[in-house]
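Source file: target.txt. Holds: compact mmCIF, C-alpha atoms.
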# COMPACT_ATOMS: atom_id res chain seq x y z
CA MET A 111 68.17 17.70 32.46
CA PRO A 112 71.64 16.58 31.26
CA GLY A 113 74.19 16.60 34.01
CA PRO A 114 77.11 19.01 34.09
CA ASP A 115 79.47 16.20 33.10
CA MET A 116 77.66 15.51 29.82
CA THR A 117 80.02 15.98 26.88
CA THR A 118 79.28 17.49 23.50
CA GLU A 119 79.75 14.02 22.03
CA ASP A 120 76.96 12.75 24.30
CA ILE A 121 74.40 15.25 23.10
CA VAL A 122 75.36 14.73 19.44
CA GLU A 123 74.92 11.00 19.89
CA THR A 124 71.61 11.48 21.67
CA ALA A 125 70.35 13.86 19.01
CA GLY A 126 71.16 11.27 16.36
CA SER A 127 73.88 13.02 14.39
CA THR A 128 76.86 10.71 14.84
CA SER A 129 75.68 7.46 13.23
CA ALA A 130 75.90 7.34 9.45
CA ALA A 131 72.26 6.28 9.15
CA SER A 132 70.89 9.12 11.27
CA ARG A 133 73.20 11.60 9.59
CA LEU A 134 71.90 10.60 6.15
CA VAL A 135 68.30 11.16 7.24
CA ARG A 136 69.25 14.44 8.91
CA GLU A 137 70.97 15.74 5.79
CA VAL A 138 68.02 15.20 3.51
CA GLN A 139 65.12 16.17 5.73
CA ARG A 140 64.67 19.87 6.36
CA ARG A 141 63.30 20.25 9.86
CA THR A 142 60.26 22.49 9.99
CA GLU A 143 59.80 22.35 13.76
CA THR A 144 61.42 25.28 15.50
CA VAL A 145 62.77 26.25 18.90
CA ALA A 146 59.30 27.60 19.73
CA LYS A 147 58.41 23.95 20.35
CA LEU A 148 60.72 23.99 23.40
CA LEU A 149 59.41 27.23 24.90
CA VAL A 150 58.89 27.19 28.67
CA THR A 151 57.08 30.26 29.99
CA VAL A 152 58.68 31.56 33.20
CA PRO A 153 58.58 34.89 35.03
CA HIS A 154 61.52 37.19 34.66
CA VAL A 155 63.15 39.71 36.94
CA SER A 156 64.69 43.10 36.24
CA PRO A 157 68.14 44.38 37.18
CA ALA A 158 66.42 46.31 40.00
CA THR A 159 65.17 43.08 41.61
CA THR A 160 67.00 42.26 44.85
CA ASN A 161 68.68 38.97 45.66
CA ASP A 162 66.19 38.51 48.51
CA LYS A 163 63.35 38.62 46.01
CA VAL A 164 65.08 36.13 43.72
CA LEU A 165 65.59 33.74 46.64
CA GLN A 166 61.94 34.09 47.56
CA ILE A 167 60.90 33.19 43.99
CA PHE A 168 63.14 30.13 43.93
CA GLU A 169 61.84 28.98 47.31
CA SER A 170 58.21 29.41 46.20
CA HIS A 171 58.76 27.72 42.82
CA PRO A 172 61.08 24.70 43.08
CA GLU A 173 60.35 23.89 39.43
CA PHE A 174 62.18 27.03 38.24
CA TYR A 175 65.71 26.06 37.28
CA ALA A 176 66.64 29.60 36.24
CA LEU A 177 65.34 33.16 36.17
CA PRO A 178 66.07 35.45 33.24
CA VAL A 179 67.05 39.03 33.93
CA VAL A 180 65.22 41.25 31.45
CA GLN A 181 65.23 45.00 30.91
CA GLU A 182 62.55 46.42 28.60
CA ALA A 183 62.01 43.01 26.94
CA ILE A 184 65.75 42.60 26.21
CA PRO A 185 67.47 39.76 28.07
CA GLU A 186 70.55 40.85 30.00
CA GLY A 187 71.46 37.64 31.78
CA MET A 188 70.24 34.57 33.63
CA ILE A 189 70.34 33.52 37.28
CA HIS A 190 70.88 29.78 37.69
CA ARG A 191 69.09 28.25 40.62
CA HIS A 192 71.75 25.80 41.80
CA ARG A 193 74.53 28.42 41.85
CA PHE A 194 72.40 31.09 43.48
CA VAL A 195 71.00 28.90 46.24
CA GLU A 196 74.41 27.38 47.01
CA LEU A 197 75.80 30.86 47.68
CA PHE A 198 72.90 32.16 49.72
CA VAL A 199 72.85 29.26 52.17
CA ARG A 200 76.36 30.22 53.24
CA PRO A 201 76.70 32.22 56.49
CA TYR A 202 76.01 35.96 56.20
CA TYR A 203 75.53 35.94 52.42
CA ARG A 204 71.89 36.87 52.67
CA GLU A 205 72.56 39.53 55.30
CA VAL A 206 75.34 41.10 53.24
CA HIS A 207 74.01 40.74 49.72
CA GLY A 208 70.25 40.27 50.10
CA LYS A 209 69.34 43.89 49.33
CA ARG A 210 71.73 44.22 46.41
CA SER A 211 70.80 43.91 42.72
CA CYS A 212 70.32 40.39 41.40
CA THR A 213 72.78 41.20 38.60
CA LEU A 214 75.49 40.50 41.15
CA TYR A 215 74.98 36.77 40.66
CA MET A 216 73.56 36.56 37.18
CA ASP A 217 75.33 34.99 34.22
CA PRO A 218 75.88 37.97 31.87
CA HIS A 219 76.54 35.69 28.88
CA PRO A 220 73.65 33.23 28.59
CA LEU A 221 72.93 31.41 25.35
CA ILE A 222 70.20 33.37 23.54
CA ILE A 223 68.30 31.59 20.78
CA GLU A 224 65.70 32.92 18.35
CA SER A 225 62.41 31.00 18.42
CA SER A 226 62.44 30.71 14.61
CA LEU A 227 65.62 28.61 14.63
CA THR A 228 64.98 24.99 13.65
CA LEU A 229 65.59 22.22 16.17
CA GLU A 230 68.32 20.89 13.90
CA GLU A 231 70.07 24.25 13.88
CA LEU A 232 69.77 24.51 17.66
CA SER A 233 71.30 21.06 18.04
CA GLU A 234 74.28 22.13 15.96
CA THR A 235 74.57 25.38 17.94
CA LEU A 236 74.69 23.51 21.25
CA VAL A 237 77.36 21.17 19.94
CA GLU A 238 79.55 24.13 19.00
CA ALA A 239 78.74 26.20 22.09
CA ASP A 240 80.30 26.13 25.55
CA GLN A 241 79.81 22.85 27.41
CA ARG A 242 77.90 24.53 30.25
CA TYR A 243 74.90 25.39 28.07
CA LEU A 244 73.99 21.71 27.90
CA SER A 245 72.96 21.75 31.56
CA GLU A 246 72.07 25.41 32.08
CA GLY A 247 69.52 25.87 29.33
CA PHE A 248 69.05 28.92 27.14
CA ILE A 249 66.92 32.03 26.67
CA ILE A 250 64.40 32.08 23.82
CA CYS A 251 63.59 35.35 22.05
CA GLU A 252 61.38 36.54 19.24
CA GLN A 253 63.20 39.16 17.20
CA GLY A 254 65.45 39.85 20.18
CA HIS A 255 62.64 40.16 22.73
CA PHE A 256 62.43 37.71 25.62
CA VAL A 257 59.62 35.12 25.49
CA GLY A 258 60.82 32.26 27.68
CA LEU A 259 63.43 29.59 28.38
CA GLY A 260 64.44 26.31 26.81
CA ARG A 261 66.22 23.20 28.07
CA SER A 262 68.58 20.85 26.30
CA GLN A 263 66.75 17.81 27.68
CA ASP A 264 63.60 18.95 25.86
CA LEU A 265 65.64 19.33 22.69
CA ILE A 266 66.96 15.79 23.09
CA ARG A 267 63.42 14.48 23.52
CA GLU A 268 62.18 16.26 20.40
CA MET A 269 65.17 15.19 18.33
CA THR A 270 64.62 11.60 19.43
CA ARG A 271 60.97 11.85 18.39
CA LEU A 272 62.00 13.20 14.99
CA ARG A 273 64.44 10.34 14.58
CA LEU A 274 61.73 7.80 15.36
CA GLU A 275 59.35 9.44 12.90
CA SER A 276 62.05 9.43 10.24
CA ALA A 277 62.80 5.77 10.90
CA ARG A 278 59.12 4.86 10.80
CA TYR A 279 58.66 6.11 7.25
CA ALA A 280 62.20 5.65 5.95
CA ASN A 281 63.14 3.13 3.29
CA PRO A 282 64.93 0.32 5.18
CA LEU A 283 67.67 -0.06 2.57
CA THR A 284 68.74 3.56 2.09
CA LEU A 285 67.13 5.16 5.17
CA LEU A 286 65.84 7.91 2.90
CA PRO A 287 62.29 9.22 3.46
CA GLY A 288 59.66 6.95 1.95
CA ASN A 289 56.32 7.58 0.28
CA VAL A 290 54.51 9.19 3.22
CA PRO A 291 57.07 11.98 3.86
CA ILE A 292 57.58 12.39 0.10
CA ASN A 293 53.88 13.07 -0.44
CA GLU A 294 53.74 15.34 2.62
CA GLU A 295 56.72 17.34 1.35
CA ILE A 296 55.15 17.83 -2.08
CA ASP A 297 51.81 18.87 -0.60
CA GLN A 298 53.58 21.28 1.75
CA LEU A 299 55.43 22.92 -1.14
CA LEU A 300 52.22 23.17 -3.15
CA GLY A 301 50.30 24.59 -0.20
CA ALA A 302 52.97 27.23 0.37
CA GLY A 303 52.88 28.28 -3.29
CA THR A 304 56.55 27.41 -3.71
CA ARG A 305 58.03 26.96 -7.15
CA PHE A 306 60.08 23.75 -7.31
CA VAL A 307 61.28 21.01 -9.63
CA ALA A 308 60.20 17.39 -9.16
CA ALA A 309 62.82 14.99 -10.54
CA TYR A 310 61.91 11.32 -10.85
CA CYS A 311 65.08 9.20 -10.83
CA ASP A 312 65.10 5.60 -12.05
CA LEU A 313 67.71 3.03 -13.08
CA ASN A 314 67.67 1.70 -16.63
CA HIS A 315 68.04 -2.09 -17.09
CA PHE A 316 68.29 -2.64 -13.34
CA LYS A 317 66.29 -5.87 -13.41
CA ALA A 318 68.82 -7.48 -15.75
CA PHE A 319 71.67 -6.31 -13.50
CA ASN A 320 69.89 -7.66 -10.42
CA ASP A 321 69.16 -11.01 -12.08
CA VAL A 322 72.73 -11.54 -13.27
CA TYR A 323 74.68 -10.16 -10.31
CA GLY A 324 72.28 -11.09 -7.52
CA TYR A 325 70.18 -9.08 -5.08
CA SER A 326 73.13 -8.30 -2.79
CA VAL A 327 75.04 -6.47 -5.52
CA GLY A 328 71.72 -5.02 -6.68
CA ASP A 329 71.25 -3.53 -3.23
CA GLU A 330 74.72 -1.99 -3.48
CA MET A 331 73.69 -0.38 -6.77
CA ILE A 332 70.59 1.13 -5.13
CA LYS A 333 72.58 2.39 -2.13
CA LEU A 334 75.16 3.89 -4.49
CA THR A 335 72.37 5.72 -6.31
CA ALA A 336 71.04 7.02 -2.99
CA ARG A 337 74.45 8.36 -1.96
CA ILE A 338 74.93 10.07 -5.31
CA LEU A 339 71.53 11.75 -5.15
CA VAL A 340 72.06 12.85 -1.56
CA ASP A 341 75.37 14.36 -2.58
CA ALA A 342 73.73 16.13 -5.53
CA ILE A 343 71.07 18.02 -3.57
CA ASP A 344 71.32 21.02 -1.30
CA PRO A 345 70.38 19.56 2.13
CA ILE A 346 68.85 22.88 3.19
CA ALA A 347 66.85 23.81 0.10
CA ASP A 348 66.14 20.42 -1.48
CA PHE A 349 64.61 17.05 -0.57
CA ILE A 350 65.37 13.49 -1.65
CA GLY A 351 63.16 10.49 -1.06
CA HIS A 352 63.21 6.78 -1.94
CA ILE A 353 59.92 5.65 -3.48
CA GLY A 354 61.01 2.01 -3.47
CA GLY A 355 63.15 -0.38 -5.50
CA ASP A 356 65.32 1.68 -7.83
CA ASP A 357 62.95 4.68 -7.91
CA PHE A 358 63.79 7.98 -6.20
CA ILE A 359 62.26 11.44 -6.17
CA ALA A 360 64.19 14.70 -5.74
CA LEU A 361 62.41 17.97 -5.02
CA PHE A 362 64.60 20.91 -5.93
CA ARG A 363 64.25 24.49 -4.79
CA SER A 364 67.88 25.14 -5.75
CA GLU A 365 68.27 27.49 -8.70
CA ASP A 366 71.06 25.29 -10.11
CA TRP A 367 68.95 22.12 -10.03
CA GLU A 368 69.77 21.21 -13.64
CA ARG A 369 73.50 21.32 -12.93
CA ARG A 370 72.93 19.15 -9.86
CA CYS A 371 71.03 16.57 -11.93
CA ASN A 372 73.80 16.41 -14.53
CA HIS A 373 76.35 16.06 -11.73
CA ALA A 374 74.40 13.06 -10.42
CA LEU A 375 74.33 11.45 -13.87
CA ALA A 376 78.08 11.86 -14.35
CA SER A 377 78.79 10.62 -10.85
CA PHE A 378 76.65 7.52 -11.38
CA ASP A 379 78.37 6.61 -14.65
CA ARG A 380 81.76 7.06 -13.00
CA ASN A 381 81.09 5.16 -9.77
CA ALA A 382 78.78 2.39 -10.99
CA ARG A 383 81.60 0.87 -13.07
CA ALA A 384 83.04 -0.67 -9.91
CA LEU A 385 79.96 -2.91 -9.62
CA PHE A 386 80.32 -4.51 -13.06
CA ASP A 387 82.59 -7.38 -14.09
CA PRO A 388 85.47 -6.21 -16.30
CA ALA A 389 84.20 -8.45 -19.11
CA ASP A 390 80.78 -6.77 -19.07
CA LEU A 391 82.42 -3.36 -19.05
CA ALA A 392 84.58 -4.33 -22.02
CA ARG A 393 81.64 -5.42 -24.15
CA GLY A 394 79.38 -2.63 -22.88
CA GLY A 395 76.52 -4.83 -21.74
CA ILE A 396 75.22 -7.72 -19.66
CA SER A 397 74.21 -11.08 -21.09
CA GLY A 398 70.87 -12.14 -19.60
CA GLU A 399 67.39 -13.40 -20.32
CA ASP A 400 64.39 -11.35 -21.33
CA ARG A 401 60.86 -11.93 -20.04
CA ARG A 402 60.39 -14.78 -22.54
CA GLY A 403 63.55 -16.54 -21.42
CA GLN A 404 65.50 -15.59 -24.53
CA LYS A 405 69.21 -14.75 -24.25
CA VAL A 406 69.77 -11.08 -24.95
CA MET A 407 72.44 -8.45 -24.35
CA PHE A 408 71.28 -5.67 -22.03
CA PRO A 409 73.03 -2.28 -21.93
CA LEU A 410 74.94 -1.38 -18.78
CA THR A 411 72.72 -0.01 -16.02
CA SER A 412 72.36 3.77 -16.23
CA LEU A 413 70.46 6.53 -14.47
CA ALA A 414 67.44 8.29 -15.95
CA ILE A 415 66.04 11.53 -14.49
CA GLY A 416 62.75 13.01 -15.60
CA ALA A 417 62.22 16.53 -14.29
CA VAL A 418 59.04 18.60 -14.16
CA ILE A 419 59.07 22.31 -13.33
CA VAL A 420 56.23 22.95 -10.88
CA PRO A 421 55.19 26.61 -10.94
CA ALA A 422 53.21 28.09 -8.08
CA GLY A 423 49.47 27.53 -8.37
CA ARG A 424 49.52 25.06 -11.26
CA PHE A 425 49.22 21.77 -9.33
CA PHE A 426 47.14 21.08 -6.24
CA THR A 427 48.08 17.58 -4.98
CA HIS A 428 51.09 15.29 -4.93
CA LEU A 429 49.18 12.93 -7.22
CA GLN A 430 49.23 15.47 -10.04
CA VAL A 431 52.95 16.13 -9.57
CA ALA A 432 53.70 12.40 -9.47
CA ALA A 433 51.77 11.77 -12.68
CA HIS A 434 53.68 14.44 -14.62
CA ALA A 435 57.03 13.39 -13.14
CA THR A 436 56.33 9.80 -14.18
CA GLU A 437 55.76 10.88 -17.76
CA ALA A 438 59.00 12.87 -17.72
CA LYS A 439 60.86 9.82 -16.41
CA LYS A 440 59.49 7.70 -19.24
CA MET A 441 60.85 10.22 -21.72
CA ALA A 442 64.27 10.14 -20.04
CA LYS A 443 64.36 6.35 -20.23
CA ARG A 444 63.95 6.47 -24.00
CA SER A 445 67.48 7.82 -24.37
CA GLU A 446 70.51 5.56 -24.31
CA GLY A 447 72.68 5.71 -21.23
CA SER A 448 72.28 8.11 -18.33
CA SER A 449 70.12 11.05 -19.31
CA LEU A 450 68.05 13.97 -18.09
CA PHE A 451 64.73 14.91 -19.64
CA VAL A 452 63.15 18.19 -18.59
CA GLU A 453 59.47 18.77 -19.27
CA ARG A 454 59.49 22.47 -20.06
CA ARG A 455 56.00 22.68 -21.51
CA ALA A 456 53.32 24.12 -19.26
CA PRO A 457 51.05 21.31 -18.04
CA ALA A 458 47.45 21.31 -19.22
CA GLU A 459 45.00 23.08 -16.98
Could you write out this structure as structure tokens?
Amino acid sequence: MPGPDMTTEDIVETAGSTSAASRLVREVQRRTETVAKLLVTVPHVSPATTNDKVLQIFESHPEFYALPVVQEAIPEGMIHRHRFVELFVRPYYREVHGKRSCTLYMDPHPLIIESSLTLEELSETLVEADQRYLSEGFIICEQGHFVGLGRSQDLIREMTRLRLESARYANPLTLLPGNVPINEEIDQLLGAGTRFVAAYCDLNHFKAFNDVYGYSVGDEMIKLTARILVDAIDPIADFIGHIGGDDFIALFRSEDWERRCNHALASFDRNARALFDPADLARGGISGEDRRGQKVMFPLTSLAIGAVIVPAGRFFTHLQVAAHATEAKKMAKRSEGSSLFVERRAPAE
């Protein structure tokens, strides 16, 4: 368990929310695992329980770091082992206070967390809460009724595991979720019967840009696109993944998804200019070679987004969604410059 001298900065760092890379992954991946994952089942005592009885429980169960005080399923406080035992080993404390109610030494203001809260939300709550909760743990409830305890060290372990899983399947350039979590997210939305919009995002004429400016500047273009798309989505409702190369997929549950897509297009056109030579900007294109080695003038790189509205019950696998999103992207790429194409027709049965 974290020591009492652990700072809020320590737990944020451990949970992976201070580095830019971890923060980017955290912002775009909605955590589905909840506080219930941390639940430790322990006995509880009532306000009528004596201090002698509490001491007896602690002595019989050295693994109990705290005992919740519960009245009719509602938590009223928590007795912390180290504080309680330190007091009762003092001379005459047991003789004087042993028969009195355990509420005498309980913490009347413990941190109470609903089991449905996500681990990410709990991490943020602990950062903002009083320093002492990092070492003392918290009470877990279901709709206000006591079910058990949780510890910050277990939260740290789970957050670390989530970070490792994110890193395992993340694109190494942008650190956005790769193909495996993308497909899992789509299948999860389909399985839940959730209406969403799948937006396939791709750069126009990126190969010419990469050939002329070099892979290093090309990587900067891809990372710029990633930042723009991350900024465009709602990190709670939406999802953004990096398929590979200059291809991205956004899964929108936001009602204003079309506005968000247009914001991304405008932001790309505005910010990508910094990556072009002034001469190329002035003539509105890049001089390069086509696949046959012929000198041609390519338009400036732009962003194409092909969006498919996915109604509940119409698709069954991520493969079907990907196929329709790919077709929508092809339509978007037919337009000049940055553009959004929305497939509004109902897909064939």
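When only C-alpha atoms are used to compute distances to Leu385 in chain A, the closest of the residues A:Glu294, A:Glu330, A:Asp217, A:Glu143 turns out to be A:Glu330.
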List as an MDAnalysis selection string the protein and nucleic acid residues near Pro185 in chain A, meaning an atom at most 8 Å away when only C-alpha atoms are counted, but skip any in the same chain fewer than 3 places from it. chainID A and resid 178:181 249 255:256
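The gap separating CA of Ala308 in chain A from CA of Leu227 in chain A is 26.9 Å, in Å to one decimal.
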Distance of CA of Tyr323 in chain A from CA of Met407 in chain A, expressed in Å to one decimal place: 14.3 Å
Can you tell me which residues surround Lys439 in chain A at a distance of at most 8 Å, considering only C-alpha atoms, apart from same-chain residues fewer than 5 positions away, and format the answer as a count of residues only? 8
Within 9 Å of Ile296 in chain A using all atoms listed in the file, minus same-chain residues under 3 positions, as a PDB file with C-alpha atoms, in the frame of the given file:
ATOM      1  CA  PRO A 291      57.070  11.980   3.860  1.00  0.00           C
ATOM      2  CA  ILE A 292      57.580  12.390   0.100  1.00  0.00           C
ATOM      3  CA  ASN A 293      53.880  13.070  -0.440  1.00  0.00           C
ATOM      4  CA  LEU A 299      55.430  22.920  -1.140  1.00  0.00           C
ATOM      5  CA  LEU A 300      52.220  23.170  -3.150  1.00  0.00           C
ATOM      6  CA  GLY A 301      50.300  24.590  -0.200  1.00  0.00           C
ATOM      7  CA  ALA A 308      60.200  17.390  -9.160  1.00  0.00           C
ATOM      8  CA  LEU A 361      62.410  17.970  -5.020  1.00  0.00           C
ATOM      9  CA  THR A 427      48.080  17.580  -4.980  1.00  0.00           C
ATOM     10  CA  HIS A 428      51.090  15.290  -4.930  1.00  0.00           C
ATOM     11  CA  VAL A 431      52.950  16.130  -9.570  1.00  0.00           C
TER      12      VAL A 431
END
Residues near range 171-174 of chain A, anyone? I mean within 9 Å using all atoms listed in the file, not counting same-chain ones fewer than 4 positions away, as JSON, numbers by chain. {"A": [152, 166, 167, 191]}
Mind writing the picked residues with C-alpha atoms as an mmCIF file, in the coordinates of the input?
data_model
loop_
_atom_site.group_PDB
_atom_site.id
_atom_site.type_symbol
_atom_site.label_atom_id
_atom_site.label_comp_id
_atom_site.auth_asym_id
_atom_site.auth_seq_id
_atom_site.Cartn_x
_atom_site.Cartn_y
_atom_site.Cartn_z
ATOM 1 C CA VAL A 152 58.680 31.560 33.200
ATOM 2 C CA GLN A 166 61.940 34.090 47.560
ATOM 3 C CA ILE A 167 60.900 33.190 43.990
ATOM 4 C CA ARG A 191 69.090 28.250 40.620
#
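Taking only C-alpha atoms into account, Glu295 in chain A lies nearest to A:Phe362 out of the set A:Ala433, A:Phe362, A:Val199, A:Leu339.
Going from CA of Leu265 in chain A to CA of Glu230 in chain A covers 9.3 Å.
Proximity of A:Ser156, A:Ser364, A:Thr284, A:Thr411 to Phe306 in chain A, computed with all atoms listed in the file, is greatest for A:Ser364.
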At a cut-off of 8 Å, using all atoms listed in the file, what residues contact range 343-352 of chain A? Leave out same-chain residues fewer than 5 positions from it and give the result as a CSV table (one decimal) with C-alpha atoms, in the coordinates of the input.
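Listing of around-v9.csv after writing:
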chain,number,residue,atom,x,y,z
A,137,GLU,CA,71.0,15.7,5.8
A,138,VAL,CA,68.0,15.2,3.5
A,139,GLN,CA,65.1,16.2,5.7
A,140,ARG,CA,64.7,19.9,6.4
A,281,ASN,CA,63.1,3.1,3.3
A,284,THR,CA,68.7,3.6,2.1
A,286,LEU,CA,65.8,7.9,2.9
A,287,PRO,CA,62.3,9.2,3.5
A,288,GLY,CA,59.7,7.0,2.0
A,289,ASN,CA,56.3,7.6,0.3
A,291,PRO,CA,57.1,12.0,3.9
A,292,ILE,CA,57.6,12.4,0.1
A,336,ALA,CA,71.0,7.0,-3.0
A,357,ASP,CA,63.0,4.7,-7.9
A,358,PHE,CA,63.8,8.0,-6.2
A,359,ILE,CA,62.3,11.4,-6.2
A,360,ALA,CA,64.2,14.7,-5.7
A,361,LEU,CA,62.4,18.0,-5.0
A,362,PHE,CA,64.6,20.9,-5.9
A,363,ARG,CA,64.2,24.5,-4.8
A,364,SER,CA,67.9,25.1,-5.8
A,367,TRP,CA,69.0,22.1,-10.0
A,370,ARG,CA,72.9,19.2,-9.9
With only C-alpha atoms as the basis for distance, which of A:Lys147, A:His192, A:Arg210, A:Arg204 is at the shortest distance from Leu259 in chain A? A:Lys147
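Distances from A:Glu224, A:Glu246, A:Lys317, A:Val206 to Ile189 in chain A were compared using only C-alpha atoms, and the smallest one belongs to A:Glu246.
You can rank A:Asp321, A:Asp356, A:Asp366, A:Asp240 by their closest distance to Ala342 in chain A using only C-alpha atoms, and at the top of that list sits A:Asp366.
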In file coordinates, which residues lie within 9 Å of (71.3, -5.4, -13.4) using all atoms listed in the file, given as a PyMOL selection string? chain A and resi 314-324+327-328+331+396+408+410-411
Reconstruct N, CA and C atoms of range 339-353 of chain A from the incomplete input and present them as a PDB file, in the coordinates of the input.
ATOM      1  N   LEU A 339      72.604  10.769  -5.145  1.00  0.00           N
ATOM      2  CA  LEU A 339      71.530  11.750  -5.150  1.00  0.00           C
ATOM      3  C   LEU A 339      71.573  12.638  -3.911  1.00  0.00           C
ATOM      4  N   VAL A 340      71.908  12.040  -2.767  1.00  0.00           N
ATOM      5  CA  VAL A 340      72.060  12.850  -1.560  1.00  0.00           C
ATOM      6  C   VAL A 340      73.171  13.868  -1.735  1.00  0.00           C
ATOM      7  N   ASP A 341      74.253  13.460  -2.355  1.00  0.00           N
ATOM      8  CA  ASP A 341      75.370  14.360  -2.580  1.00  0.00           C
ATOM      9  C   ASP A 341      75.007  15.460  -3.580  1.00  0.00           C
ATOM     10  N   ALA A 342      74.066  15.169  -4.470  1.00  0.00           N
ATOM     11  CA  ALA A 342      73.730  16.130  -5.530  1.00  0.00           C
ATOM     12  C   ALA A 342      72.823  17.250  -5.033  1.00  0.00           C
ATOM     13  N   ILE A 343      72.027  17.000  -3.999  1.00  0.00           N
ATOM     14  CA  ILE A 343      71.070  18.020  -3.570  1.00  0.00           C
ATOM     15  C   ILE A 343      71.687  18.971  -2.559  1.00  0.00           C
ATOM     16  N   ASP A 344      71.010  20.101  -2.392  1.00  0.00           N
ATOM     17  CA  ASP A 344      71.320  21.020  -1.300  1.00  0.00           C
ATOM     18  C   ASP A 344      70.502  20.568  -0.102  1.00  0.00           C
ATOM     19  N   PRO A 345      71.144  20.114   1.002  1.00  0.00           N
ATOM     20  CA  PRO A 345      70.380  19.560   2.130  1.00  0.00           C
ATOM     21  C   PRO A 345      69.479  20.571   2.811  1.00  0.00           C
ATOM     22  N   ILE A 346      69.704  21.863   2.589  1.00  0.00           N
ATOM     23  CA  ILE A 346      68.850  22.880   3.190  1.00  0.00           C
ATOM     24  C   ILE A 346      67.667  23.196   2.289  1.00  0.00           C
ATOM     25  N   ALA A 347      67.906  23.366   1.004  1.00  0.00           N
ATOM     26  CA  ALA A 347      66.850  23.810   0.100  1.00  0.00           C
ATOM     27  C   ALA A 347      66.079  22.656  -0.540  1.00  0.00           C
ATOM     28  N   ASP A 348      66.720  21.499  -0.701  1.00  0.00           N
ATOM     29  CA  ASP A 348      66.140  20.420  -1.480  1.00  0.00           C
ATOM     30  C   ASP A 348      65.735  19.224  -0.617  1.00  0.00           C
ATOM     31  N   PHE A 349      65.118  18.241  -1.257  1.00  0.00           N
ATOM     32  CA  PHE A 349      64.610  17.050  -0.570  1.00  0.00           C
ATOM     33  C   PHE A 349      64.848  15.858  -1.484  1.00  0.00           C
ATOM     34  N   ILE A 350      65.215  14.725  -0.882  1.00  0.00           N
ATOM     35  CA  ILE A 350      65.370  13.490  -1.650  1.00  0.00           C
ATOM     36  C   ILE A 350      64.652  12.372  -0.921  1.00  0.00           C
ATOM     37  N   GLY A 351      63.875  11.602  -1.647  1.00  0.00           N
ATOM     38  CA  GLY A 351      63.160  10.490  -1.060  1.00  0.00           C
ATOM     39  C   GLY A 351      63.313   9.234  -1.906  1.00  0.00           C
ATOM     40  N   HIS A 352      63.083   8.080  -1.272  1.00  0.00           N
ATOM     41  CA  HIS A 352      63.210   6.780  -1.940  1.00  0.00           C
ATOM     42  C   HIS A 352      61.811   6.181  -2.050  1.00  0.00           C
ATOM     43  N   ILE A 353      61.258   6.172  -3.255  1.00  0.00           N
ATOM     44  CA  ILE A 353      59.920   5.650  -3.480  1.00  0.00           C
ATOM     45  C   ILE A 353      59.881   4.159  -3.215  1.00  0.00           C
TER      46      ILE A 353
END
